[in-house]
file target19.txt (compact mmCIF, C-alpha atoms and all ligand atoms)
# COMPACT_ATOMS: atom_id res chain seq x y z
CA MET A 25 -48.67 -48.66 -125.20
CA LYS A 26 -49.71 -47.40 -128.62
CA VAL A 27 -47.99 -44.35 -130.07
CA GLU A 28 -51.30 -43.05 -131.48
CA GLU A 29 -52.79 -42.97 -127.98
CA LEU A 30 -50.02 -40.67 -126.86
CA LEU A 31 -50.42 -38.21 -129.71
CA LYS A 32 -53.88 -37.06 -128.67
CA PRO A 33 -52.91 -34.75 -125.82
CA PHE A 34 -50.22 -32.93 -127.79
CA PRO A 35 -52.18 -29.80 -128.73
CA ILE A 36 -52.36 -29.11 -125.01
CA LYS A 37 -48.95 -28.34 -123.53
CA GLU A 38 -48.27 -29.12 -119.92
CA PHE A 39 -45.49 -27.76 -117.73
CA HIS A 40 -44.12 -30.27 -115.25
CA PRO A 41 -42.52 -28.83 -112.12
CA PHE A 42 -38.97 -29.25 -110.87
CA PRO A 43 -37.77 -29.85 -107.34
CA ARG A 44 -35.71 -27.42 -105.23
CA ALA A 45 -32.02 -27.74 -105.96
CA MET A 46 -28.70 -27.15 -104.20
CA MET A 47 -25.96 -26.60 -106.76
CA GLY A 48 -22.23 -25.94 -106.83
CA PRO A 49 -18.98 -27.16 -105.26
CA GLY A 50 -19.55 -28.37 -101.69
CA ALA A 51 -23.33 -28.69 -102.03
CA TRP A 52 -23.14 -32.32 -100.87
CA GLU A 53 -22.26 -31.12 -97.36
CA LEU A 54 -25.77 -29.67 -97.07
CA VAL A 55 -27.42 -33.06 -97.53
CA GLY A 56 -27.43 -34.01 -93.81
CA PRO A 57 -28.90 -30.72 -92.56
CA GLU A 58 -31.41 -30.61 -95.44
CA ALA A 59 -32.49 -34.20 -94.73
CA LEU A 60 -33.13 -33.29 -91.09
CA LYS A 61 -35.15 -30.24 -92.13
CA LEU A 62 -37.25 -32.46 -94.38
CA GLY A 63 -37.96 -34.78 -91.42
CA PHE A 64 -35.80 -37.73 -92.47
CA ARG A 65 -35.04 -40.13 -89.60
CA THR A 66 -34.37 -43.54 -91.13
CA VAL A 67 -33.26 -43.16 -94.74
CA LEU A 68 -32.78 -45.77 -97.45
CA VAL A 69 -29.77 -44.77 -99.56
CA MET A 70 -29.96 -46.25 -103.06
CA THR A 71 -26.82 -46.41 -105.18
CA SER A 72 -24.83 -48.61 -107.52
CA GLY A 73 -22.09 -48.51 -104.89
CA LEU A 74 -19.83 -46.19 -106.94
CA ARG A 75 -17.03 -48.68 -106.41
CA GLY A 76 -13.57 -47.20 -106.93
CA SER A 77 -14.52 -43.97 -105.15
CA ASP A 78 -15.18 -43.07 -101.52
CA THR A 79 -18.35 -41.10 -102.36
CA VAL A 80 -20.80 -43.53 -100.74
CA GLU A 81 -18.75 -43.69 -97.52
CA LYS A 82 -18.43 -39.91 -97.50
CA ILE A 83 -22.17 -39.24 -97.87
CA VAL A 84 -23.29 -42.04 -95.57
CA GLY A 85 -20.74 -40.89 -92.96
CA SER A 86 -22.07 -37.35 -93.16
CA LEU A 87 -25.67 -38.54 -92.76
CA LYS A 88 -24.75 -40.57 -89.67
CA TYR A 89 -22.82 -37.61 -88.26
CA HIS A 90 -26.05 -35.63 -88.46
CA GLY A 91 -27.88 -38.32 -86.48
CA LEU A 92 -29.71 -40.11 -89.29
CA GLU A 93 -30.22 -43.87 -89.37
CA VAL A 94 -28.95 -45.17 -92.72
CA VAL A 95 -29.98 -48.34 -94.53
CA LEU A 96 -27.89 -48.95 -97.66
CA TYR A 97 -29.00 -50.61 -100.90
CA ASP A 98 -25.91 -50.53 -103.15
CA GLN A 99 -26.86 -53.04 -105.84
CA VAL A 100 -28.57 -50.78 -108.40
CA GLU A 101 -27.47 -51.91 -111.87
CA SER A 102 -26.87 -49.74 -114.89
CA ASN A 103 -30.20 -49.70 -116.77
CA PRO A 104 -31.97 -50.47 -113.48
CA LYS A 105 -34.05 -53.60 -113.49
CA ASP A 106 -37.43 -54.10 -111.86
CA TYR A 107 -35.87 -56.53 -109.37
CA ASN A 108 -33.43 -53.81 -108.20
CA VAL A 109 -36.40 -51.61 -107.40
CA MET A 110 -38.36 -54.32 -105.64
CA ASP A 111 -35.35 -55.47 -103.57
CA ALA A 112 -34.96 -51.88 -102.37
CA VAL A 113 -38.68 -51.65 -101.57
CA ALA A 114 -38.40 -54.80 -99.42
CA LEU A 115 -35.42 -53.34 -97.58
CA TYR A 116 -37.29 -50.06 -97.04
CA GLN A 117 -40.30 -51.85 -95.59
CA GLU A 118 -38.27 -54.26 -93.42
CA ASN A 119 -36.34 -51.42 -91.83
CA LYS A 120 -39.35 -49.12 -91.48
CA CYS A 121 -37.58 -46.34 -93.37
CA ASP A 122 -39.29 -42.97 -93.84
CA SER A 123 -37.29 -41.40 -96.67
CA PHE A 124 -34.97 -41.98 -99.64
CA ILE A 125 -31.65 -40.68 -100.89
CA SER A 126 -30.37 -41.69 -104.33
CA LEU A 127 -26.67 -41.30 -104.96
CA GLY A 128 -25.24 -41.74 -108.45
CA GLY A 129 -26.36 -41.28 -112.03
CA GLY A 130 -29.68 -41.90 -113.68
CA SER A 131 -29.83 -45.56 -112.71
CA SER A 132 -29.79 -44.84 -108.99
CA HIS A 133 -32.21 -41.92 -109.26
CA ASP A 134 -34.60 -43.82 -111.54
CA ALA A 135 -34.63 -46.95 -109.40
CA CYS A 136 -35.28 -44.76 -106.36
CA LYS A 137 -38.18 -42.97 -108.02
CA GLY A 138 -39.72 -46.32 -108.92
CA ALA A 139 -39.22 -47.56 -105.35
CA ARG A 140 -40.98 -44.50 -103.92
CA ILE A 141 -43.96 -45.03 -106.20
CA SER A 142 -44.09 -48.72 -105.23
CA VAL A 143 -43.84 -47.93 -101.49
CA ALA A 144 -46.73 -45.48 -101.85
CA HIS A 145 -48.83 -48.33 -103.26
CA ASP A 146 -48.09 -50.97 -100.59
CA GLY A 147 -45.21 -52.51 -102.52
CA ARG A 148 -47.01 -53.17 -105.80
CA SER A 149 -44.68 -54.03 -108.70
CA VAL A 150 -42.99 -50.98 -110.18
CA ASN A 151 -43.93 -52.29 -113.64
CA GLU A 152 -47.58 -51.47 -112.96
CA PHE A 153 -46.74 -47.77 -113.21
CA GLU A 154 -45.34 -47.66 -116.75
CA GLY A 155 -46.80 -44.80 -118.74
CA PHE A 156 -47.95 -41.27 -117.97
CA ASN A 157 -48.93 -40.27 -114.41
CA LYS A 158 -49.96 -43.79 -113.43
CA SER A 159 -49.36 -43.17 -109.73
CA GLU A 160 -52.64 -43.11 -107.82
CA ASN A 161 -51.08 -41.82 -104.60
CA PRO A 162 -49.13 -38.55 -104.83
CA LYS A 163 -47.95 -38.91 -101.23
CA ASN A 164 -44.81 -40.97 -101.51
CA PRO A 165 -41.77 -40.70 -99.25
CA PRO A 166 -39.45 -37.67 -99.56
CA HIS A 167 -36.37 -38.06 -101.72
CA ILE A 168 -33.04 -36.27 -102.04
CA ALA A 169 -31.31 -37.05 -105.36
CA ILE A 170 -27.53 -36.50 -105.39
CA SER A 171 -25.83 -36.68 -108.79
CA THR A 172 -22.36 -38.10 -109.40
CA THR A 173 -22.52 -37.87 -113.20
CA ALA A 174 -23.43 -35.10 -115.64
CA GLY A 175 -25.93 -36.69 -117.96
CA THR A 176 -29.17 -37.99 -116.56
CA GLY A 177 -31.04 -34.96 -115.29
CA SER A 178 -33.20 -37.47 -113.42
CA GLU A 179 -32.58 -35.53 -110.20
CA THR A 180 -34.77 -32.73 -111.60
CA SER A 181 -37.10 -34.51 -114.07
CA TRP A 182 -40.43 -36.34 -113.82
CA ALA A 183 -39.12 -39.35 -115.79
CA TYR A 184 -37.70 -42.65 -114.68
CA VAL A 185 -36.65 -45.60 -116.82
CA ILE A 186 -36.85 -49.24 -115.74
CA THR A 187 -36.18 -52.56 -117.50
CA ASP A 188 -39.05 -55.01 -117.05
CA THR A 189 -37.59 -58.51 -116.84
CA THR A 190 -40.85 -60.24 -115.98
CA THR A 191 -42.46 -60.39 -119.41
CA ASN A 192 -41.28 -62.61 -122.28
CA PRO A 193 -37.68 -63.42 -121.30
CA ASP A 194 -36.61 -63.20 -124.95
CA GLN A 195 -38.21 -59.79 -125.46
CA PRO A 196 -36.93 -57.58 -122.62
CA HIS A 197 -38.79 -54.35 -122.25
CA LYS A 198 -37.23 -51.08 -121.14
CA TYR A 199 -39.83 -48.42 -120.46
CA VAL A 200 -40.09 -44.80 -119.44
CA ALA A 201 -42.53 -43.76 -116.76
CA PHE A 202 -43.37 -40.06 -116.66
CA ASP A 203 -44.95 -39.26 -113.34
CA ASP A 204 -45.25 -35.97 -111.48
CA ALA A 205 -45.40 -37.99 -108.26
CA SER A 206 -41.88 -39.28 -108.92
CA VAL A 207 -40.21 -35.85 -108.83
CA ALA A 208 -37.54 -35.70 -106.13
CA THR A 209 -37.99 -33.42 -103.13
CA LEU A 210 -34.50 -31.93 -103.42
CA ALA A 211 -31.86 -32.19 -106.17
CA VAL A 212 -28.17 -31.89 -105.28
CA ASP A 213 -25.74 -31.22 -108.13
CA ASP A 214 -22.19 -30.82 -106.84
CA PRO A 215 -19.52 -30.87 -109.58
CA THR A 216 -16.86 -32.09 -107.14
CA LEU A 217 -18.76 -35.40 -106.97
CA TYR A 218 -18.17 -35.82 -110.74
CA TYR A 219 -14.40 -35.88 -110.36
CA ASP A 220 -14.48 -39.66 -109.91
CA CYS A 221 -16.65 -40.28 -112.98
CA PRO A 222 -14.53 -42.34 -115.43
CA ILE A 223 -13.38 -40.67 -118.67
CA ASP A 224 -15.52 -42.78 -120.98
CA TYR A 225 -18.59 -42.37 -118.80
CA THR A 226 -18.10 -38.62 -118.72
CA ALA A 227 -18.09 -38.54 -122.52
CA GLN A 228 -21.10 -40.84 -122.85
CA CYS A 229 -23.13 -38.97 -120.23
CA GLY A 230 -22.32 -35.75 -122.09
CA PHE A 231 -24.10 -37.11 -125.14
CA ASP A 232 -27.13 -37.89 -122.98
CA VAL A 233 -27.12 -34.16 -122.24
CA LEU A 234 -26.87 -33.29 -125.95
CA ALA A 235 -29.79 -35.62 -126.63
CA HIS A 236 -31.85 -34.14 -123.77
CA ALA A 237 -31.22 -30.66 -125.15
CA SER A 238 -31.58 -31.24 -128.89
CA GLU A 239 -34.65 -33.51 -128.82
CA PRO A 240 -37.02 -30.94 -127.23
CA TYR A 241 -35.55 -28.21 -129.45
CA VAL A 242 -36.86 -29.98 -132.54
CA SER A 243 -39.74 -31.93 -130.96
CA ARG A 244 -43.25 -31.85 -132.39
CA LEU A 245 -44.40 -30.68 -128.96
CA ASN A 246 -42.67 -27.38 -129.78
CA PHE A 247 -42.93 -26.29 -126.15
CA GLN A 248 -41.74 -22.68 -126.21
CA PRO A 249 -40.62 -22.45 -122.56
CA SER A 250 -38.12 -25.27 -123.23
CA LEU A 251 -36.39 -23.76 -126.24
CA GLY A 252 -34.08 -21.32 -124.47
CA ASN A 253 -32.95 -23.94 -121.96
CA ALA A 254 -32.38 -26.43 -124.77
CA LEU A 255 -30.10 -24.10 -126.71
CA HIS A 256 -28.17 -22.99 -123.63
CA ALA A 257 -27.56 -26.61 -122.61
CA ILE A 258 -26.21 -27.32 -126.12
CA ARG A 259 -23.94 -24.27 -125.80
CA LEU A 260 -22.62 -25.47 -122.45
CA THR A 261 -22.07 -29.02 -123.69
CA ALA A 262 -20.19 -27.87 -126.78
CA ALA A 263 -18.05 -25.59 -124.60
CA HIS A 264 -17.30 -27.98 -121.72
CA LEU A 265 -17.61 -31.66 -122.64
CA ARG A 266 -14.11 -31.98 -124.08
CA GLU A 267 -12.51 -30.48 -121.00
CA ALA A 268 -14.70 -32.47 -118.59
CA THR A 269 -13.67 -35.64 -120.44
CA TRP A 270 -9.96 -35.08 -120.89
CA ASN A 271 -9.11 -32.80 -117.96
CA PRO A 272 -11.43 -34.33 -115.39
CA GLN A 273 -10.00 -32.70 -112.26
CA GLU A 274 -10.58 -29.19 -113.68
CA LEU A 275 -13.60 -27.59 -112.03
CA ALA A 276 -14.69 -25.47 -115.01
CA GLY A 277 -15.42 -28.47 -117.24
CA ARG A 278 -17.20 -30.41 -114.51
CA GLU A 279 -19.25 -27.41 -113.41
CA GLY A 280 -20.14 -26.49 -117.01
CA MET A 281 -21.45 -30.01 -117.61
CA MET A 282 -23.27 -30.00 -114.27
CA TYR A 283 -25.31 -27.00 -115.39
CA ALA A 284 -25.69 -28.40 -118.90
CA GLN A 285 -27.24 -31.62 -117.61
CA TYR A 286 -29.54 -29.82 -115.19
CA ILE A 287 -30.74 -27.29 -117.77
CA ALA A 288 -31.14 -29.88 -120.54
CA ALA A 289 -33.33 -32.02 -118.31
CA GLN A 290 -35.50 -29.02 -117.56
CA ALA A 291 -35.87 -28.54 -121.33
CA PHE A 292 -37.06 -32.09 -122.02
CA ASN A 293 -39.12 -32.30 -118.84
CA SER A 294 -42.00 -30.56 -120.59
CA GLY A 295 -40.56 -30.27 -124.11
CA GLY A 296 -40.43 -33.99 -124.86
CA LEU A 297 -37.82 -36.33 -126.29
CA GLY A 298 -37.57 -38.30 -129.51
CA ILE A 299 -36.12 -41.42 -131.08
CA ILE A 300 -32.52 -40.84 -129.99
CA HIS A 301 -33.92 -41.92 -126.65
CA SER A 302 -36.21 -44.58 -128.12
CA ILE A 303 -33.29 -46.22 -129.95
CA SER A 304 -31.15 -45.91 -126.84
CA HIS A 305 -33.80 -47.63 -124.71
CA ALA A 306 -34.21 -50.43 -127.27
CA VAL A 307 -30.48 -51.21 -127.42
CA SER A 308 -30.25 -51.12 -123.61
CA ALA A 309 -33.23 -53.46 -123.37
CA PHE A 310 -31.58 -56.08 -125.57
CA TYR A 311 -27.90 -55.55 -124.73
CA ASP A 312 -27.75 -53.69 -121.38
CA THR A 313 -25.32 -51.11 -122.82
CA HIS A 314 -24.94 -47.66 -121.30
CA HIS A 315 -27.69 -45.10 -121.95
CA GLY A 316 -25.30 -42.27 -122.76
CA LEU A 317 -23.23 -44.44 -125.11
CA ASN A 318 -26.39 -45.50 -126.92
CA ASN A 319 -27.57 -41.90 -127.24
CA ALA A 320 -24.20 -40.84 -128.63
CA ILE A 321 -24.30 -43.47 -131.37
CA ALA A 322 -27.95 -42.75 -132.22
CA LEU A 323 -27.72 -38.94 -132.12
CA PRO A 324 -26.07 -38.17 -135.49
CA ARG A 325 -28.34 -40.63 -137.34
CA VAL A 326 -31.49 -39.22 -135.73
CA TRP A 327 -30.42 -35.63 -136.36
CA ALA A 328 -29.96 -36.52 -140.04
CA PHE A 329 -33.35 -38.28 -140.08
CA ASN A 330 -35.15 -35.30 -138.51
CA MET A 331 -33.34 -32.54 -140.34
CA PRO A 332 -35.71 -32.22 -143.34
CA VAL A 333 -38.57 -31.14 -141.05
CA ALA A 334 -36.51 -28.77 -138.88
CA TYR A 335 -33.67 -27.19 -140.88
CA GLN A 336 -33.92 -23.83 -139.13
CA ARG A 337 -33.94 -25.41 -135.67
CA PHE A 338 -30.82 -27.42 -136.56
CA ALA A 339 -29.26 -24.22 -137.92
CA ASP A 340 -29.83 -22.68 -134.47
CA ILE A 341 -28.17 -25.74 -132.94
CA ALA A 342 -25.15 -25.15 -135.18
CA VAL A 343 -24.74 -21.66 -133.77
CA ALA A 344 -25.09 -23.01 -130.20
CA MET A 345 -22.37 -25.53 -131.00
CA GLY A 346 -20.02 -22.73 -131.96
CA VAL A 347 -20.28 -22.92 -135.76
CA ASP A 348 -19.93 -19.62 -137.65
CA THR A 349 -22.99 -19.86 -139.88
CA HIS A 350 -22.68 -16.44 -141.54
CA GLY A 351 -23.36 -16.77 -145.26
CA MET A 352 -24.85 -20.24 -144.89
CA THR A 353 -28.37 -21.25 -145.80
CA ALA A 354 -30.41 -22.99 -143.10
CA VAL A 355 -29.73 -26.31 -144.82
CA GLN A 356 -25.98 -25.71 -144.89
CA ALA A 357 -26.00 -24.63 -141.24
CA ALA A 358 -28.02 -27.71 -140.27
CA ASP A 359 -25.44 -29.90 -142.03
CA ALA A 360 -22.74 -28.03 -140.09
CA ALA A 361 -24.52 -28.83 -136.81
CA LEU A 362 -24.41 -32.51 -137.69
CA ALA A 363 -20.72 -32.28 -138.58
CA ALA A 364 -20.04 -30.53 -135.24
CA ALA A 365 -21.83 -33.30 -133.33
CA ILE A 366 -19.81 -35.99 -135.14
CA ARG A 367 -16.62 -34.04 -134.42
CA LEU A 368 -17.53 -33.85 -130.72
CA LEU A 369 -18.33 -37.58 -130.64
CA ARG A 370 -14.94 -38.37 -132.17
CA ASP A 371 -13.10 -35.86 -129.98
CA VAL A 372 -14.34 -37.55 -126.79
CA GLY A 373 -13.61 -41.06 -128.04
CA ILE A 374 -17.05 -42.62 -128.44
CA PRO A 375 -17.50 -45.71 -130.69
CA GLU A 376 -19.16 -44.84 -134.00
CA LYS A 377 -21.65 -47.68 -134.38
CA PHE A 378 -23.19 -50.32 -132.15
CA THR A 379 -21.45 -53.29 -133.73
CA ASP A 380 -18.13 -51.62 -132.76
CA VAL A 381 -19.11 -51.89 -129.07
CA LYS A 382 -17.44 -54.94 -127.56
CA GLN A 383 -17.08 -56.22 -124.01
CA ASP A 384 -13.83 -54.29 -123.50
CA THR A 385 -14.92 -51.09 -125.30
CA TYR A 386 -15.84 -49.17 -122.15
CA SER A 387 -15.14 -49.37 -118.47
CA LYS A 388 -18.46 -50.45 -117.01
CA ASN A 389 -19.53 -52.74 -119.82
CA ARG A 390 -22.50 -54.98 -119.09
CA LEU A 391 -22.62 -56.88 -122.41
CA GLY A 392 -23.05 -60.57 -121.62
CA LYS A 393 -22.88 -60.01 -117.86
CA GLY A 394 -26.31 -61.21 -116.83
CA PRO A 395 -27.56 -61.65 -114.17
CA THR A 396 -30.57 -62.90 -116.11
CA ALA A 397 -30.11 -65.69 -118.65
CA PHE A 398 -31.19 -63.38 -121.45
CA TYR A 399 -28.30 -60.98 -120.85
CA GLU A 400 -25.83 -63.83 -120.37
CA ARG A 401 -26.80 -65.00 -123.87
CA SER A 402 -26.15 -61.54 -125.37
CA PRO A 403 -22.37 -61.12 -125.27
CA GLU A 404 -22.14 -59.10 -128.46
CA ILE A 405 -24.27 -56.80 -130.54
CA ILE A 406 -25.45 -58.78 -133.56
CA GLY A 407 -26.79 -56.20 -136.03
CA ASP A 408 -28.39 -58.67 -138.46
CA ALA A 409 -31.83 -58.17 -140.04
CA ARG A 410 -33.66 -59.89 -137.19
CA ASP A 411 -31.85 -57.72 -134.65
CA VAL A 412 -32.73 -54.55 -136.57
CA ASP A 413 -36.38 -55.66 -136.74
CA ARG A 414 -36.75 -56.36 -133.02
CA LEU A 415 -35.00 -53.12 -132.05
CA THR A 416 -37.17 -51.12 -134.47
CA SER A 417 -40.32 -52.64 -132.99
CA HIS A 418 -39.15 -51.65 -129.51
CA VAL A 419 -38.46 -48.09 -130.75
CA LEU A 420 -42.00 -47.72 -132.10
CA GLY A 421 -43.53 -48.67 -128.76
CA ASP A 422 -41.39 -46.25 -126.75
CA ALA A 423 -43.07 -43.34 -124.95
CA CYS A 424 -40.44 -40.94 -126.38
CA THR A 425 -41.31 -41.74 -130.01
CA PRO A 426 -44.47 -39.61 -130.37
CA GLY A 427 -42.51 -36.46 -129.55
CA ASN A 428 -39.96 -37.06 -132.32
CA ALA A 429 -39.66 -34.24 -134.84
CA LYS A 430 -40.62 -36.46 -137.76
CA GLU A 431 -43.46 -38.96 -137.94
CA CYS A 432 -42.14 -42.47 -137.31
CA THR A 433 -43.21 -45.69 -139.01
CA PHE A 434 -41.52 -49.07 -139.09
CA GLU A 435 -40.43 -48.46 -142.68
CA THR A 436 -38.91 -45.04 -142.01
CA VAL A 437 -37.24 -45.86 -138.69
CA ARG A 438 -35.81 -49.26 -139.61
CA PRO A 439 -33.02 -47.80 -141.82
CA VAL A 440 -32.08 -45.40 -139.02
CA VAL A 441 -31.74 -48.29 -136.57
CA ASP A 442 -29.82 -50.32 -139.16
CA HIS A 443 -27.40 -47.42 -139.67
CA CYS A 444 -26.87 -47.08 -135.89
CA LEU A 445 -25.87 -50.74 -135.80
CA ASN A 446 -23.89 -51.07 -139.01
CA GLY A 447 -23.41 -47.75 -140.86
CA ASP A 448 -20.45 -45.38 -141.03
CA LEU A 449 -20.76 -41.86 -139.69
CA ASP A 450 -18.90 -40.54 -142.73
CA ASP A 451 -22.03 -41.44 -144.77
CA LEU A 452 -23.84 -38.61 -142.96
CA LEU A 453 -21.30 -35.93 -143.72
CA ALA A 454 -22.15 -33.75 -146.69
FE FE A 501 -31.42 -39.64 -121.37
call {"tool": "encode", "arguments": {"input": "target19.txt", "output": "structure tokens", "more": "lines below"}}
Ligand SMILES: [Fe+2]
result
Amino acid sequence: MKVEELLKPFPIKEFHPFPRAMMGPGAWELVGPEALKLGFRTVLVMTSGLRGSDTVEKIVGSLKYHGLEVVLYDQVESNPKDYNVMDAVALYQENKCDSFISLGGGSSHDACKGARISVAHDGRSVNEFEGFNKSENPKNPPHIAISTTAGTGSETSWAYVITDTTTNPDQPHKYVAFDDASVATLAVDDPTLYYDCPIDYTAQCGFDVLAHASEPYVSRLNFQPSLGNALHAIRLTAAHLREATWNPQELAGREGMMYAQYIAAQAFNSGGLGIIHSISHAVSAFYDTHHGLNNAIALPRVWAFNMPVAYQRFADIAVAMGVDTHGMTAVQAADAALAAAIRLLRDVGIPEKFTDVKQDTYSKNRLGKGPTAFYERSPEIIGDARDVDRLTSHVLGDACTPGNAKECTFETVRPVVDHCLNGDLDDLLA
């Protein structure tokens, strides 16, 4: 996909719809009755398994209590791979299922969206639907998306992200598909389901929210209906992420981040993303590291990169992050926004550059884990010139890149990628 091809439609803004949503503590108990109302009989539940919690048992038990037949696919990997999607499609077809439930974070929701699109096209490979509105059949099976993290927003967005492992095995390709046909039928955001989200994942997912909110706020799409949501999601993240991370059983922090993730996703849904996400996708493609972690490391560098074309917007972000900007120029306030983001990153314990991320750096690490040979051969993040080059090339082909605030070329983006891998955050502080 060529970036130039994607730029053409930008003068025309398009609003992409959201699904119905059930939100708040206890919302998960409505899933069984809502599934029955939607006509579910035999449902494929897609999840990573959420091992270490009883959430899958709890939800599946409730569905069975309400008389639903449940088929379980609990092998969705972080950064879901095409084979996860196609294994689930085979299970769906074998068991003559009529509906889907995804339970988890973005990986489970995204894999489920891809599976629905594939099912609606007689099991064609999910990779055939990369791009914008590639689905030819809008009638795919109904889907309830239940979130157990506060980051993705996939339960309410038209985006899903899949890693294509079928192309050149040495050049893995992680892509975003934006498709109105992939939007879930019902989103369920219950903050009590986030209580089991590990501390480091909570922090990392929170930076996915900050990326989802800040990228549309400065995007070249400049989609006015997204701007209020973007700022409010930044406000909520700045107010609640520390508590959600360090006091995880406290409802206020979890609920604040639940709304932040939901609202931020509604901002980017039509307002676009940028190269925080493109860099994140590239690093996941080559190293299988967590999306939120990648966003967190990329965010300060990309804010600094974009700042010269959007000082006033970053000054607004500073206010949303709680900075007192009275007496500051827009440039000073923008610098203060960046300092506040770095402070938040440090406060919630996120590594400061990619080469600091090792196999024991976070709880659900996938560095060097496979299962494909490529990922087995990638046990650590290299960060040399060749690595920077291949990541930069991936960034430039990403569907999020055209929306970035500043025009992107290989020459301008390469130093940003290099800094994400090897630079010190203190370099960015004025
Ligand atoms: Fe994201």
call {"tool": "residues_around", "arguments": {"input": "target19.txt", "residues": "stretch 267-284 of chain A", "least_positions_apart": "6", "cutoff": "6 Å", "atoms": "only C-alpha atoms", "output": "list in words"}}
result
Ala174, Pro215, Tyr219, Ile223, Thr226, Ala227, Ala257 and Leu260 of chain A
call {"tool": "closest_residue", "arguments": {"input": "target19.txt", "among": "A:Gly175, A:Gly147, A:Pro41, A:Gly447", "to": "ligand FE 501 (chain A)", "atoms": "all atoms listed in the file"}}
result
A:Gly175
call {"tool": "atom_distance", "arguments": {"input": "target19.txt", "atom1": "atom CA of A:Gln285", "atom2": "atom CA of A:Val113"}}
result
28.1 Å
call {"tool": "atom_distance", "arguments": {"input": "target19.txt", "atom1": "atom CA of A:Asp106", "atom2": "atom CA of A:Lys198"}}
result
9.8 Å
call {"tool": "closest_residue", "arguments": {"input": "target19.txt", "among": "A:Asp408, A:Asp78, A:Asp134, A:Glu154", "to": "ligand FE 501 (chain A)", "atoms": "all atoms listed in the file"}}
result
A:Asp134
call {"tool": "residues_around", "arguments": {"input": "target19.txt", "residues": "A:Asn151", "least_positions_apart": "5", "cutoff": "12 Å", "atoms": "all atoms listed in the file", "output": "ChimeraX atom specification"}}
result
/A:105-110,135,138-139,141-142,158-159,184-191,197-201
call {"tool": "build_atoms", "arguments": {"input": "target19.txt", "residues": "stretch 90-94 of chain A", "atoms": "all heavy atoms", "output": "PDB file, keeping the file's coordinate frame"}}
result
ATOM      1  N   HIS A  90     -24.914 -36.494 -88.760  1.00  0.00           N
ATOM      2  CA  HIS A  90     -26.050 -35.630 -88.460  1.00  0.00           C
ATOM      3  C   HIS A  90     -27.182 -36.374 -87.743  1.00  0.00           C
ATOM      4  O   HIS A  90     -28.271 -35.818 -87.567  1.00  0.00           O
ATOM      5  CB  HIS A  90     -26.576 -34.977 -89.748  1.00  0.00           C
ATOM      6  CG  HIS A  90     -25.686 -33.868 -90.232  1.00  0.00           C
ATOM      7  ND1 HIS A  90     -24.690 -34.061 -91.163  1.00  0.00           N
ATOM      8  CD2 HIS A  90     -25.621 -32.566 -89.867  1.00  0.00           C
ATOM      9  CE1 HIS A  90     -24.059 -32.914 -91.370  1.00  0.00           C
ATOM     10  NE2 HIS A  90     -24.593 -31.997 -90.599  1.00  0.00           N
ATOM     11  N   GLY A  91     -26.931 -37.599 -87.330  1.00  0.00           N
ATOM     12  CA  GLY A  91     -27.880 -38.320 -86.480  1.00  0.00           C
ATOM     13  C   GLY A  91     -28.917 -39.134 -87.230  1.00  0.00           C
ATOM     14  O   GLY A  91     -29.880 -39.617 -86.623  1.00  0.00           O
ATOM     15  N   LEU A  92     -28.740 -39.327 -88.535  1.00  0.00           N
ATOM     16  CA  LEU A  92     -29.710 -40.110 -89.290  1.00  0.00           C
ATOM     17  C   LEU A  92     -29.372 -41.595 -89.235  1.00  0.00           C
ATOM     18  O   LEU A  92     -28.192 -41.973 -89.223  1.00  0.00           O
ATOM     19  CB  LEU A  92     -29.725 -39.639 -90.752  1.00  0.00           C
ATOM     20  CG  LEU A  92     -30.320 -38.241 -90.930  1.00  0.00           C
ATOM     21  CD1 LEU A  92     -29.574 -37.464 -91.990  1.00  0.00           C
ATOM     22  CD2 LEU A  92     -31.787 -38.355 -91.303  1.00  0.00           C
ATOM     23  N   GLU A  93     -30.398 -42.422 -89.203  1.00  0.00           N
ATOM     24  CA  GLU A  93     -30.220 -43.870 -89.370  1.00  0.00           C
ATOM     25  C   GLU A  93     -30.130 -44.141 -90.873  1.00  0.00           C
ATOM     26  O   GLU A  93     -30.970 -43.636 -91.635  1.00  0.00           O
ATOM     27  CB  GLU A  93     -31.415 -44.643 -88.825  1.00  0.00           C
ATOM     28  CG  GLU A  93     -31.608 -44.550 -87.334  1.00  0.00           C
ATOM     29  CD  GLU A  93     -30.625 -45.433 -86.585  1.00  0.00           C
ATOM     30  OE1 GLU A  93     -30.232 -46.481 -87.138  1.00  0.00           O
ATOM     31  OE2 GLU A  93     -30.227 -45.032 -85.476  1.00  0.00           O
ATOM     32  N   VAL A  94     -29.131 -44.934 -91.284  1.00  0.00           N
ATOM     33  CA  VAL A  94     -28.950 -45.170 -92.720  1.00  0.00           C
ATOM     34  C   VAL A  94     -29.060 -46.658 -93.039  1.00  0.00           C
ATOM     35  O   VAL A  94     -28.402 -47.488 -92.401  1.00  0.00           O
ATOM     36  CB  VAL A  94     -27.565 -44.657 -93.187  1.00  0.00           C
ATOM     37  CG1 VAL A  94     -27.367 -44.953 -94.673  1.00  0.00           C
ATOM     38  CG2 VAL A  94     -27.429 -43.160 -92.929  1.00  0.00           C
TER      39      VAL A  94
END
